>>> print(open('start_1.cif').read())   # mmCIF, N, CA and C atoms
data_entry
#
loop_
_atom_site.label_atom_id
_atom_site.label_comp_id
_atom_site.auth_asym_id
_atom_site.auth_seq_id
_atom_site.Cartn_x
_atom_site.Cartn_y
_atom_site.Cartn_z
N MET A 11 29.68 -23.90 -29.92
CA MET A 11 28.69 -22.99 -30.45
C MET A 11 28.47 -21.86 -29.45
N ALA A 12 28.50 -20.64 -29.91
CA ALA A 12 28.30 -19.48 -29.04
C ALA A 12 26.83 -19.37 -28.66
N HIS A 13 26.59 -18.98 -27.42
CA HIS A 13 25.22 -18.80 -26.96
C HIS A 13 24.81 -17.36 -27.15
N ALA A 14 23.53 -17.16 -27.40
CA ALA A 14 23.01 -15.81 -27.62
C ALA A 14 23.26 -14.90 -26.42
N TRP A 15 23.32 -15.48 -25.23
CA TRP A 15 23.49 -14.70 -24.02
C TRP A 15 24.82 -15.03 -23.36
N SER A 16 25.84 -15.29 -24.16
CA SER A 16 27.10 -15.74 -23.61
C SER A 16 27.73 -14.73 -22.64
N CYS A 17 27.48 -13.45 -22.85
CA CYS A 17 28.06 -12.46 -21.94
C CYS A 17 27.44 -12.53 -20.55
N THR A 18 26.27 -13.12 -20.44
CA THR A 18 25.63 -13.25 -19.13
C THR A 18 25.81 -14.64 -18.57
N GLY A 19 26.35 -15.54 -19.38
CA GLY A 19 26.49 -16.91 -18.92
C GLY A 19 25.22 -17.73 -19.09
N LEU A 20 24.22 -17.16 -19.73
CA LEU A 20 22.95 -17.87 -19.92
C LEU A 20 22.87 -18.45 -21.32
N ASP A 21 22.40 -19.65 -21.41
CA ASP A 21 22.07 -20.25 -22.69
C ASP A 21 20.62 -19.89 -22.95
N TYR A 22 20.35 -19.05 -23.93
CA TYR A 22 19.01 -18.53 -24.15
C TYR A 22 17.97 -19.63 -24.24
N ASP A 23 18.31 -20.72 -24.92
CA ASP A 23 17.32 -21.78 -25.14
C ASP A 23 16.89 -22.47 -23.86
N SER A 24 17.76 -22.58 -22.88
CA SER A 24 17.37 -23.32 -21.68
C SER A 24 17.45 -22.48 -20.41
N ASP A 25 18.55 -21.78 -20.21
CA ASP A 25 18.76 -21.05 -18.97
C ASP A 25 17.87 -19.82 -18.83
N TYR A 26 17.58 -19.14 -19.93
CA TYR A 26 16.83 -17.90 -19.84
C TYR A 26 15.47 -18.12 -19.21
N HIS A 27 14.74 -19.10 -19.71
CA HIS A 27 13.39 -19.32 -19.19
C HIS A 27 13.40 -19.84 -17.76
N SER A 28 14.40 -20.63 -17.39
CA SER A 28 14.45 -21.11 -16.02
C SER A 28 14.90 -20.01 -15.06
N ALA A 29 15.59 -18.97 -15.57
CA ALA A 29 16.04 -17.87 -14.73
C ALA A 29 14.93 -16.84 -14.49
N MET A 30 13.91 -16.86 -15.33
CA MET A 30 12.81 -15.91 -15.18
C MET A 30 11.95 -16.28 -13.98
N ALA A 31 11.35 -15.27 -13.37
CA ALA A 31 10.42 -15.53 -12.28
C ALA A 31 9.23 -16.30 -12.82
N LYS A 32 8.79 -17.29 -12.08
CA LYS A 32 7.64 -18.09 -12.50
C LYS A 32 6.33 -17.49 -12.02
N LYS A 33 6.44 -16.61 -11.01
CA LYS A 33 5.25 -15.97 -10.44
C LYS A 33 5.49 -14.47 -10.37
N LEU A 34 4.42 -13.73 -10.57
CA LEU A 34 4.50 -12.28 -10.51
C LEU A 34 3.39 -11.78 -9.59
N VAL A 35 3.79 -11.04 -8.56
CA VAL A 35 2.84 -10.42 -7.64
C VAL A 35 2.91 -8.92 -7.89
N ILE A 36 1.77 -8.34 -8.24
CA ILE A 36 1.71 -6.91 -8.55
C ILE A 36 0.75 -6.24 -7.59
N LYS A 37 1.23 -5.20 -6.93
CA LYS A 37 0.36 -4.40 -6.06
C LYS A 37 0.12 -3.07 -6.78
N VAL A 38 -1.13 -2.77 -7.04
CA VAL A 38 -1.48 -1.50 -7.68
C VAL A 38 -2.15 -0.62 -6.62
N THR A 39 -1.55 0.54 -6.39
CA THR A 39 -2.04 1.47 -5.38
C THR A 39 -2.81 2.63 -5.98
N ALA A 40 -2.70 2.79 -7.29
CA ALA A 40 -3.29 3.93 -7.98
C ALA A 40 -4.58 3.54 -8.67
N GLY A 41 -5.47 4.51 -8.76
CA GLY A 41 -6.72 4.32 -9.50
C GLY A 41 -6.88 5.48 -10.46
N ALA A 42 -8.06 6.06 -10.50
CA ALA A 42 -8.33 7.19 -11.37
C ALA A 42 -7.49 8.41 -10.98
N ASP A 43 -6.95 8.41 -9.76
CA ASP A 43 -6.11 9.51 -9.30
C ASP A 43 -4.75 9.55 -10.00
N ALA A 44 -4.29 8.42 -10.53
CA ALA A 44 -3.02 8.33 -11.27
C ALA A 44 -3.24 7.31 -12.39
N PRO A 45 -3.98 7.71 -13.44
CA PRO A 45 -4.45 6.76 -14.44
C PRO A 45 -3.34 6.02 -15.20
N GLU A 46 -2.24 6.69 -15.50
CA GLU A 46 -1.19 5.99 -16.24
C GLU A 46 -0.55 4.89 -15.40
N ARG A 47 -0.26 5.19 -14.15
CA ARG A 47 0.32 4.18 -13.26
C ARG A 47 -0.65 3.02 -13.08
N CYS A 48 -1.90 3.33 -12.90
CA CYS A 48 -2.93 2.31 -12.75
C CYS A 48 -3.00 1.42 -13.98
N SER A 49 -3.08 2.01 -15.13
CA SER A 49 -3.18 1.26 -16.38
C SER A 49 -1.95 0.39 -16.60
N GLN A 50 -0.79 0.91 -16.27
CA GLN A 50 0.45 0.13 -16.44
C GLN A 50 0.40 -1.15 -15.62
N ALA A 51 -0.08 -1.06 -14.38
CA ALA A 51 -0.14 -2.24 -13.53
C ALA A 51 -1.06 -3.31 -14.11
N PHE A 52 -2.25 -2.91 -14.54
CA PHE A 52 -3.19 -3.86 -15.11
C PHE A 52 -2.68 -4.42 -16.43
N THR A 53 -2.03 -3.57 -17.23
CA THR A 53 -1.49 -4.02 -18.52
C THR A 53 -0.38 -5.04 -18.32
N VAL A 54 0.55 -4.76 -17.41
CA VAL A 54 1.64 -5.69 -17.13
C VAL A 54 1.07 -7.02 -16.62
N ALA A 55 0.10 -6.95 -15.74
CA ALA A 55 -0.52 -8.18 -15.21
C ALA A 55 -1.16 -8.99 -16.33
N ALA A 56 -1.91 -8.33 -17.20
CA ALA A 56 -2.59 -9.04 -18.30
C ALA A 56 -1.59 -9.64 -19.29
N VAL A 57 -0.54 -8.90 -19.61
CA VAL A 57 0.48 -9.42 -20.52
C VAL A 57 1.20 -10.61 -19.90
N ALA A 58 1.48 -10.53 -18.61
CA ALA A 58 2.14 -11.64 -17.93
C ALA A 58 1.26 -12.89 -17.94
N VAL A 59 -0.03 -12.73 -17.66
CA VAL A 59 -0.95 -13.86 -17.71
C VAL A 59 -0.94 -14.47 -19.11
N ALA A 60 -1.02 -13.63 -20.14
CA ALA A 60 -1.03 -14.10 -21.52
C ALA A 60 0.28 -14.80 -21.89
N SER A 61 1.35 -14.47 -21.17
CA SER A 61 2.66 -15.07 -21.41
C SER A 61 2.87 -16.36 -20.63
N GLY A 62 1.88 -16.74 -19.84
CA GLY A 62 1.98 -17.98 -19.09
C GLY A 62 2.55 -17.84 -17.69
N VAL A 63 2.72 -16.60 -17.24
CA VAL A 63 3.24 -16.36 -15.90
C VAL A 63 2.09 -16.45 -14.90
N GLU A 64 2.35 -17.02 -13.73
CA GLU A 64 1.35 -17.06 -12.67
C GLU A 64 1.29 -15.66 -12.05
N VAL A 65 0.12 -15.02 -12.11
CA VAL A 65 -0.02 -13.62 -11.69
C VAL A 65 -1.00 -13.49 -10.54
N SER A 66 -0.60 -12.68 -9.57
CA SER A 66 -1.48 -12.29 -8.47
C SER A 66 -1.47 -10.76 -8.42
N LEU A 67 -2.59 -10.15 -8.76
CA LEU A 67 -2.72 -8.69 -8.77
C LEU A 67 -3.46 -8.27 -7.51
N TRP A 68 -2.85 -7.36 -6.75
CA TRP A 68 -3.44 -6.85 -5.51
C TRP A 68 -3.95 -5.45 -5.71
N LEU A 69 -5.21 -5.21 -5.37
CA LEU A 69 -5.84 -3.90 -5.45
C LEU A 69 -5.77 -3.25 -4.07
N THR A 70 -5.12 -2.10 -4.00
CA THR A 70 -5.00 -1.36 -2.75
C THR A 70 -5.27 0.11 -3.04
N GLY A 71 -5.49 0.88 -2.00
CA GLY A 71 -5.72 2.31 -2.18
C GLY A 71 -6.85 2.56 -3.15
N GLU A 72 -6.66 3.53 -4.03
CA GLU A 72 -7.72 3.93 -4.96
C GLU A 72 -8.06 2.87 -6.00
N SER A 73 -7.16 1.93 -6.25
CA SER A 73 -7.49 0.85 -7.19
C SER A 73 -8.52 -0.11 -6.61
N SER A 74 -8.76 -0.02 -5.31
CA SER A 74 -9.73 -0.90 -4.66
C SER A 74 -11.10 -0.83 -5.32
N TRP A 75 -11.45 0.33 -5.80
CA TRP A 75 -12.78 0.52 -6.41
C TRP A 75 -13.00 -0.37 -7.63
N PHE A 76 -11.91 -0.80 -8.29
CA PHE A 76 -12.05 -1.63 -9.49
C PHE A 76 -12.43 -3.07 -9.17
N ALA A 77 -12.54 -3.40 -7.90
CA ALA A 77 -13.04 -4.71 -7.50
C ALA A 77 -14.56 -4.77 -7.61
N LEU A 78 -15.19 -3.61 -7.76
CA LEU A 78 -16.65 -3.54 -7.83
C LEU A 78 -17.13 -3.62 -9.27
N PRO A 79 -18.24 -4.33 -9.51
CA PRO A 79 -18.80 -4.40 -10.86
C PRO A 79 -19.08 -3.00 -11.42
N GLY A 80 -18.71 -2.80 -12.68
CA GLY A 80 -18.99 -1.55 -13.37
C GLY A 80 -17.99 -0.43 -13.17
N ARG A 81 -17.20 -0.49 -12.13
CA ARG A 81 -16.28 0.61 -11.85
C ARG A 81 -15.16 0.72 -12.87
N ALA A 82 -14.66 -0.40 -13.37
CA ALA A 82 -13.58 -0.36 -14.37
C ALA A 82 -14.05 0.28 -15.67
N ALA A 83 -15.33 0.15 -15.99
CA ALA A 83 -15.87 0.73 -17.22
C ALA A 83 -15.85 2.26 -17.17
N GLU A 84 -15.80 2.81 -15.98
CA GLU A 84 -15.76 4.27 -15.82
C GLU A 84 -14.35 4.83 -16.03
N PHE A 85 -13.35 3.96 -16.03
CA PHE A 85 -11.95 4.38 -16.15
C PHE A 85 -11.60 4.59 -17.62
N GLU A 86 -11.03 5.74 -17.92
CA GLU A 86 -10.63 6.04 -19.29
C GLU A 86 -9.22 6.59 -19.33
N LEU A 87 -8.44 6.09 -20.29
CA LEU A 87 -7.09 6.59 -20.52
C LEU A 87 -6.81 6.42 -22.01
N PRO A 88 -6.55 7.54 -22.71
CA PRO A 88 -6.29 7.45 -24.15
C PRO A 88 -5.13 6.50 -24.46
N HIS A 89 -5.28 5.74 -25.51
CA HIS A 89 -4.25 4.83 -26.02
C HIS A 89 -3.96 3.67 -25.08
N ALA A 90 -4.87 3.38 -24.16
CA ALA A 90 -4.70 2.26 -23.24
C ALA A 90 -5.80 1.24 -23.48
N ALA A 91 -5.50 -0.01 -23.20
CA ALA A 91 -6.51 -1.06 -23.30
C ALA A 91 -7.61 -0.78 -22.28
N PRO A 92 -8.85 -1.09 -22.64
CA PRO A 92 -9.95 -0.89 -21.69
C PRO A 92 -9.74 -1.71 -20.42
N LEU A 93 -9.91 -1.08 -19.29
CA LEU A 93 -9.68 -1.73 -18.01
C LEU A 93 -10.56 -2.97 -17.80
N PRO A 94 -11.83 -2.95 -18.20
CA PRO A 94 -12.63 -4.18 -18.04
C PRO A 94 -12.04 -5.37 -18.79
N ASP A 95 -11.48 -5.12 -19.98
CA ASP A 95 -10.86 -6.21 -20.76
C ASP A 95 -9.63 -6.75 -20.05
N LEU A 96 -8.83 -5.84 -19.49
CA LEU A 96 -7.63 -6.27 -18.77
C LEU A 96 -8.01 -7.10 -17.54
N ILE A 97 -9.02 -6.65 -16.81
CA ILE A 97 -9.47 -7.39 -15.62
C ILE A 97 -9.97 -8.77 -16.02
N ASP A 98 -10.74 -8.86 -17.08
CA ASP A 98 -11.23 -10.16 -17.56
C ASP A 98 -10.06 -11.08 -17.89
N SER A 99 -9.05 -10.54 -18.55
CA SER A 99 -7.87 -11.34 -18.92
C SER A 99 -7.12 -11.84 -17.69
N ILE A 100 -6.99 -10.96 -16.72
CA ILE A 100 -6.27 -11.34 -15.49
C ILE A 100 -7.05 -12.41 -14.74
N LEU A 101 -8.34 -12.22 -14.60
CA LEU A 101 -9.16 -13.20 -13.88
C LEU A 101 -9.22 -14.55 -14.60
N ALA A 102 -9.10 -14.53 -15.93
CA ALA A 102 -9.17 -15.77 -16.70
C ALA A 102 -7.98 -16.68 -16.42
N GLY A 103 -6.83 -16.09 -16.08
CA GLY A 103 -5.65 -16.93 -15.88
C GLY A 103 -4.84 -16.62 -14.65
N GLY A 104 -5.28 -15.64 -13.87
CA GLY A 104 -4.54 -15.24 -12.68
C GLY A 104 -5.49 -15.00 -11.54
N ARG A 105 -5.02 -14.22 -10.59
CA ARG A 105 -5.81 -13.95 -9.38
C ARG A 105 -5.81 -12.45 -9.12
N ILE A 106 -6.97 -11.95 -8.68
CA ILE A 106 -7.08 -10.56 -8.23
C ILE A 106 -7.53 -10.59 -6.78
N THR A 107 -6.81 -9.84 -5.95
CA THR A 107 -7.11 -9.76 -4.53
C THR A 107 -7.31 -8.32 -4.12
N LEU A 108 -8.33 -8.07 -3.35
CA LEU A 108 -8.59 -6.76 -2.77
C LEU A 108 -8.08 -6.77 -1.34
N CYS A 109 -7.30 -5.77 -0.98
CA CYS A 109 -6.75 -5.64 0.36
C CYS A 109 -7.86 -5.54 1.40
N THR A 110 -7.74 -6.30 2.47
CA THR A 110 -8.75 -6.33 3.52
C THR A 110 -9.00 -4.95 4.12
N GLN A 111 -7.94 -4.25 4.51
CA GLN A 111 -8.11 -2.93 5.12
C GLN A 111 -8.67 -1.92 4.13
N CYS A 112 -8.22 -1.99 2.90
CA CYS A 112 -8.71 -1.06 1.87
C CYS A 112 -10.20 -1.28 1.63
N ALA A 113 -10.60 -2.55 1.61
CA ALA A 113 -12.02 -2.87 1.44
C ALA A 113 -12.83 -2.34 2.61
N ALA A 114 -12.34 -2.56 3.82
CA ALA A 114 -13.06 -2.11 5.02
C ALA A 114 -13.22 -0.60 5.05
N ARG A 115 -12.17 0.12 4.68
CA ARG A 115 -12.24 1.59 4.67
C ARG A 115 -13.27 2.11 3.67
N ARG A 116 -13.53 1.33 2.65
CA ARG A 116 -14.49 1.72 1.61
C ARG A 116 -15.83 1.00 1.76
N GLU A 117 -15.96 0.26 2.85
CA GLU A 117 -17.18 -0.51 3.14
C GLU A 117 -17.53 -1.47 2.01
N ILE A 118 -16.50 -2.10 1.44
CA ILE A 118 -16.67 -3.10 0.40
C ILE A 118 -16.59 -4.47 1.07
N THR A 119 -17.55 -5.32 0.77
CA THR A 119 -17.56 -6.67 1.33
C THR A 119 -17.39 -7.71 0.22
N GLU A 120 -17.23 -8.97 0.62
CA GLU A 120 -17.10 -10.05 -0.36
C GLU A 120 -18.34 -10.16 -1.24
N ASP A 121 -19.48 -9.76 -0.73
CA ASP A 121 -20.72 -9.81 -1.51
C ASP A 121 -20.75 -8.74 -2.61
N ASP A 122 -19.91 -7.72 -2.47
CA ASP A 122 -19.91 -6.59 -3.39
C ASP A 122 -19.00 -6.77 -4.60
N VAL A 123 -17.95 -7.58 -4.49
CA VAL A 123 -16.88 -7.61 -5.50
C VAL A 123 -17.21 -8.47 -6.71
N LEU A 124 -16.47 -8.25 -7.77
CA LEU A 124 -16.59 -9.05 -8.98
C LEU A 124 -16.38 -10.52 -8.67
N LYS A 125 -17.04 -11.38 -9.42
CA LYS A 125 -16.84 -12.81 -9.26
C LYS A 125 -15.36 -13.12 -9.55
N GLY A 126 -14.74 -13.86 -8.66
CA GLY A 126 -13.34 -14.24 -8.83
C GLY A 126 -12.37 -13.38 -8.04
N VAL A 127 -12.83 -12.25 -7.52
CA VAL A 127 -11.97 -11.38 -6.71
C VAL A 127 -12.10 -11.81 -5.26
N ARG A 128 -10.96 -12.00 -4.61
CA ARG A 128 -10.98 -12.35 -3.19
C ARG A 128 -10.54 -11.15 -2.36
N ILE A 129 -10.84 -11.20 -1.08
CA ILE A 129 -10.38 -10.17 -0.15
C ILE A 129 -9.42 -10.87 0.82
N ALA A 130 -8.21 -10.32 0.95
CA ALA A 130 -7.20 -10.90 1.84
C ALA A 130 -6.28 -9.79 2.34
N GLY A 131 -5.54 -10.12 3.40
CA GLY A 131 -4.72 -9.11 4.06
C GLY A 131 -3.24 -9.21 3.78
N ALA A 132 -2.50 -8.38 4.52
CA ALA A 132 -1.06 -8.21 4.32
C ALA A 132 -0.30 -9.52 4.51
N GLN A 133 -0.74 -10.36 5.42
CA GLN A 133 -0.04 -11.63 5.65
C GLN A 133 -0.02 -12.47 4.38
N VAL A 134 -1.13 -12.51 3.66
CA VAL A 134 -1.21 -13.27 2.42
C VAL A 134 -0.34 -12.62 1.34
N PHE A 135 -0.37 -11.28 1.29
CA PHE A 135 0.47 -10.57 0.32
C PHE A 135 1.95 -10.89 0.55
N VAL A 136 2.40 -10.79 1.79
CA VAL A 136 3.80 -11.06 2.11
C VAL A 136 4.15 -12.51 1.76
N GLN A 137 3.28 -13.42 2.09
CA GLN A 137 3.51 -14.83 1.79
C GLN A 137 3.68 -15.04 0.28
N GLU A 138 2.82 -14.43 -0.52
CA GLU A 138 2.91 -14.56 -1.97
C GLU A 138 4.18 -13.90 -2.50
N ALA A 139 4.45 -12.69 -2.03
CA ALA A 139 5.59 -11.92 -2.54
C ALA A 139 6.93 -12.56 -2.20
N MET A 140 6.99 -13.28 -1.10
CA MET A 140 8.26 -13.86 -0.65
C MET A 140 8.48 -15.30 -1.12
N ALA A 141 7.53 -15.85 -1.84
CA ALA A 141 7.65 -17.23 -2.30
C ALA A 141 8.80 -17.37 -3.31
N ASP A 142 9.44 -18.52 -3.31
CA ASP A 142 10.53 -18.77 -4.25
C ASP A 142 10.05 -18.59 -5.69
N GLY A 143 10.91 -18.03 -6.52
CA GLY A 143 10.58 -17.85 -7.93
C GLY A 143 9.59 -16.75 -8.21
N THR A 144 9.40 -15.83 -7.25
CA THR A 144 8.41 -14.77 -7.39
C THR A 144 9.08 -13.41 -7.55
N GLN A 145 8.56 -12.62 -8.45
CA GLN A 145 8.96 -11.23 -8.62
C GLN A 145 7.79 -10.36 -8.17
N ALA A 146 8.05 -9.39 -7.32
CA ALA A 146 6.99 -8.49 -6.85
C ALA A 146 7.22 -7.11 -7.43
N LEU A 147 6.13 -6.49 -7.86
CA LEU A 147 6.15 -5.13 -8.40
C LEU A 147 5.08 -4.30 -7.70
N VAL A 148 5.36 -3.01 -7.50
CA VAL A 148 4.37 -2.12 -6.92
C VAL A 148 4.20 -0.93 -7.85
N TYR A 149 2.96 -0.64 -8.17
CA TYR A 149 2.63 0.53 -9.01
C TYR A 149 1.80 1.49 -8.18
#
>>> encode(input="start_1.cif", output="structure tokens")
Amino acid sequence: MAHAWSCTGLDYDSDYHSAMAKKLVIKVTAGADAPERCSQAFTVAAVAVASGVEVSLWLTGESSWFALPGRAAEFELPHAAPLPDLIDSILAGGRITLCTQCAARREITEDDVLKGVRIAGAQVFVQEAMADGTQALVY
């Protein structure tokens, strides 16, 4: 019997899913300064969570502000899912981390961030991104 992915050597029914990354680490560097790039990162993270992928979304640079309550509601992009909804979806099944240095530069502390958002540094990011079965993306 021919396999759907015979040209790649993958049997779609079994090999395809085992070949996919089991974890996705996404670093978003853009905020309101680059709304499409920002929205893409949150959308990909939310879709991955909904698909059963283990997701770790890192907020850096201007996206750091979205770790604060109410800030995502200020973000608008036509034809895009509302950022607060995407954040809720990601937090429901994944992890959101605010970069330690980015938080410090903006005087954001653990007491300031949304429930479920942690603050961690580059060492943790590298550890997550380099883990077996992990795909890392930067927006």
>>> atom_distance(input="start_1.cif", atom1="atom CA of Ile97 of chain A", atom2="atom N of Gly143 of chain A")
24.7 Å
>>> atom_distance(input="start_1.cif", atom1="atom C of Ser66 of chain A", atom2="atom C of Leu87 of chain A")
22.5 Å
>>> select_by_dssp(input="start_1.cif", residues="chain A", states="alpha helix (DSSP H)", output="VMD selection string")
chain A and resid 27 to 29 45 to 60 93 to 103 110 to 115 132 to 139
>>> write_last_selection(input="start_1.cif", atoms="N, CA and C atoms", output="short mmCIF file (atom, residue, chain, number, x, y, z; two decimals), in the coordinates of the input")
data_model
loop_
_atom_site.label_atom_id
_atom_site.label_comp_id
_atom_site.auth_asym_id
_atom_site.auth_seq_id
_atom_site.Cartn_x
_atom_site.Cartn_y
_atom_site.Cartn_z
N HIS A 27 14.74 -19.10 -19.71
CA HIS A 27 13.39 -19.32 -19.19
C HIS A 27 13.40 -19.84 -17.76
N SER A 28 14.40 -20.63 -17.39
CA SER A 28 14.45 -21.11 -16.02
C SER A 28 14.90 -20.01 -15.06
N ALA A 29 15.59 -18.97 -15.57
CA ALA A 29 16.04 -17.87 -14.73
C ALA A 29 14.93 -16.84 -14.49
N PRO A 45 -3.98 7.71 -13.44
CA PRO A 45 -4.45 6.76 -14.44
C PRO A 45 -3.34 6.02 -15.20
N GLU A 46 -2.24 6.69 -15.50
CA GLU A 46 -1.19 5.99 -16.24
C GLU A 46 -0.55 4.89 -15.40
N ARG A 47 -0.26 5.19 -14.15
CA ARG A 47 0.32 4.18 -13.26
C ARG A 47 -0.65 3.02 -13.08
N CYS A 48 -1.90 3.33 -12.90
CA CYS A 48 -2.93 2.31 -12.75
C CYS A 48 -3.00 1.42 -13.98
N SER A 49 -3.08 2.01 -15.13
CA SER A 49 -3.18 1.26 -16.38
C SER A 49 -1.95 0.39 -16.60
N GLN A 50 -0.79 0.91 -16.27
CA GLN A 50 0.45 0.13 -16.44
C GLN A 50 0.40 -1.15 -15.62
N ALA A 51 -0.08 -1.06 -14.38
CA ALA A 51 -0.14 -2.24 -13.53
C ALA A 51 -1.06 -3.31 -14.11
N PHE A 52 -2.25 -2.91 -14.54
CA PHE A 52 -3.19 -3.86 -15.11
C PHE A 52 -2.68 -4.42 -16.43
N THR A 53 -2.03 -3.57 -17.23
CA THR A 53 -1.49 -4.02 -18.52
C THR A 53 -0.38 -5.04 -18.32
N VAL A 54 0.55 -4.76 -17.41
CA VAL A 54 1.64 -5.69 -17.13
C VAL A 54 1.07 -7.02 -16.62
N ALA A 55 0.10 -6.95 -15.74
CA ALA A 55 -0.52 -8.18 -15.21
C ALA A 55 -1.16 -8.99 -16.33
N ALA A 56 -1.91 -8.33 -17.20
CA ALA A 56 -2.59 -9.04 -18.30
C ALA A 56 -1.59 -9.64 -19.29
N VAL A 57 -0.54 -8.90 -19.61
CA VAL A 57 0.48 -9.42 -20.52
C VAL A 57 1.20 -10.61 -19.90
N ALA A 58 1.48 -10.53 -18.61
CA ALA A 58 2.14 -11.64 -17.93
C ALA A 58 1.26 -12.89 -17.94
N VAL A 59 -0.03 -12.73 -17.66
CA VAL A 59 -0.95 -13.86 -17.71
C VAL A 59 -0.94 -14.47 -19.11
N ALA A 60 -1.02 -13.63 -20.14
CA ALA A 60 -1.03 -14.10 -21.52
C ALA A 60 0.28 -14.80 -21.89
N LEU A 93 -9.91 -1.08 -19.29
CA LEU A 93 -9.68 -1.73 -18.01
C LEU A 93 -10.56 -2.97 -17.80
N PRO A 94 -11.83 -2.95 -18.20
CA PRO A 94 -12.63 -4.18 -18.04
C PRO A 94 -12.04 -5.37 -18.79
N ASP A 95 -11.48 -5.12 -19.98
CA ASP A 95 -10.86 -6.21 -20.76
C ASP A 95 -9.63 -6.75 -20.05
N LEU A 96 -8.83 -5.84 -19.49
CA LEU A 96 -7.63 -6.27 -18.77
C LEU A 96 -8.01 -7.10 -17.54
N ILE A 97 -9.02 -6.65 -16.81
CA ILE A 97 -9.47 -7.39 -15.62
C ILE A 97 -9.97 -8.77 -16.02
N ASP A 98 -10.74 -8.86 -17.08
CA ASP A 98 -11.23 -10.16 -17.56
C ASP A 98 -10.06 -11.08 -17.89
N SER A 99 -9.05 -10.54 -18.55
CA SER A 99 -7.87 -11.34 -18.92
C SER A 99 -7.12 -11.84 -17.69
N ILE A 100 -6.99 -10.96 -16.72
CA ILE A 100 -6.27 -11.34 -15.49
C ILE A 100 -7.05 -12.41 -14.74
N LEU A 101 -8.34 -12.22 -14.60
CA LEU A 101 -9.16 -13.20 -13.88
C LEU A 101 -9.22 -14.55 -14.60
N ALA A 102 -9.10 -14.53 -15.93
CA ALA A 102 -9.17 -15.77 -16.70
C ALA A 102 -7.98 -16.68 -16.42
N GLY A 103 -6.83 -16.09 -16.08
CA GLY A 103 -5.65 -16.93 -15.88
C GLY A 103 -4.84 -16.62 -14.65
N THR A 110 -7.74 -6.30 2.47
CA THR A 110 -8.75 -6.33 3.52
C THR A 110 -9.00 -4.95 4.12
N GLN A 111 -7.94 -4.25 4.51
CA GLN A 111 -8.11 -2.93 5.12
C GLN A 111 -8.67 -1.92 4.13
N CYS A 112 -8.22 -1.99 2.90
CA CYS A 112 -8.71 -1.06 1.87
C CYS A 112 -10.20 -1.28 1.63
N ALA A 113 -10.60 -2.55 1.61
CA ALA A 113 -12.02 -2.87 1.44
C ALA A 113 -12.83 -2.34 2.61
N ALA A 114 -12.34 -2.56 3.82
CA ALA A 114 -13.06 -2.11 5.02
C ALA A 114 -13.22 -0.60 5.05
N ARG A 115 -12.17 0.12 4.68
CA ARG A 115 -12.24 1.59 4.67
C ARG A 115 -13.27 2.11 3.67
N ALA A 132 -2.50 -8.38 4.52
CA ALA A 132 -1.06 -8.21 4.32
C ALA A 132 -0.30 -9.52 4.51
N GLN A 133 -0.74 -10.36 5.42
CA GLN A 133 -0.04 -11.63 5.65
C GLN A 133 -0.02 -12.47 4.38
N VAL A 134 -1.13 -12.51 3.66
CA VAL A 134 -1.21 -13.27 2.42
C VAL A 134 -0.34 -12.62 1.34
N PHE A 135 -0.37 -11.28 1.29
CA PHE A 135 0.47 -10.57 0.32
C PHE A 135 1.95 -10.89 0.55
N VAL A 136 2.40 -10.79 1.79
CA VAL A 136 3.80 -11.06 2.11
C VAL A 136 4.15 -12.51 1.76
N GLN A 137 3.28 -13.42 2.09
CA GLN A 137 3.51 -14.83 1.79
C GLN A 137 3.68 -15.04 0.28
N GLU A 138 2.82 -14.43 -0.52
CA GLU A 138 2.91 -14.56 -1.97
C GLU A 138 4.18 -13.90 -2.50
N ALA A 139 4.45 -12.69 -2.03
CA ALA A 139 5.59 -11.92 -2.54
C ALA A 139 6.93 -12.56 -2.20
#
>>> closest_residue(input="start_1.cif", among="A:Ser99, A:Thr39, A:Thr107, A:Gln137", to="Ala77 of chain A", atoms="only N, CA and C atoms")
A:Thr107
>>> atom_distance(input="start_1.cif", atom1="atom C of Arg128 of chain A", atom2="atom CA of Leu108 of chain A")
4.8 Å
>>> closest_residue(input="start_1.cif", among="A:Cys48, A:Val59, A:Ile100, A:Ala130", to="Cys112 of chain A", atoms="only C-alpha atoms")
A:Ala130
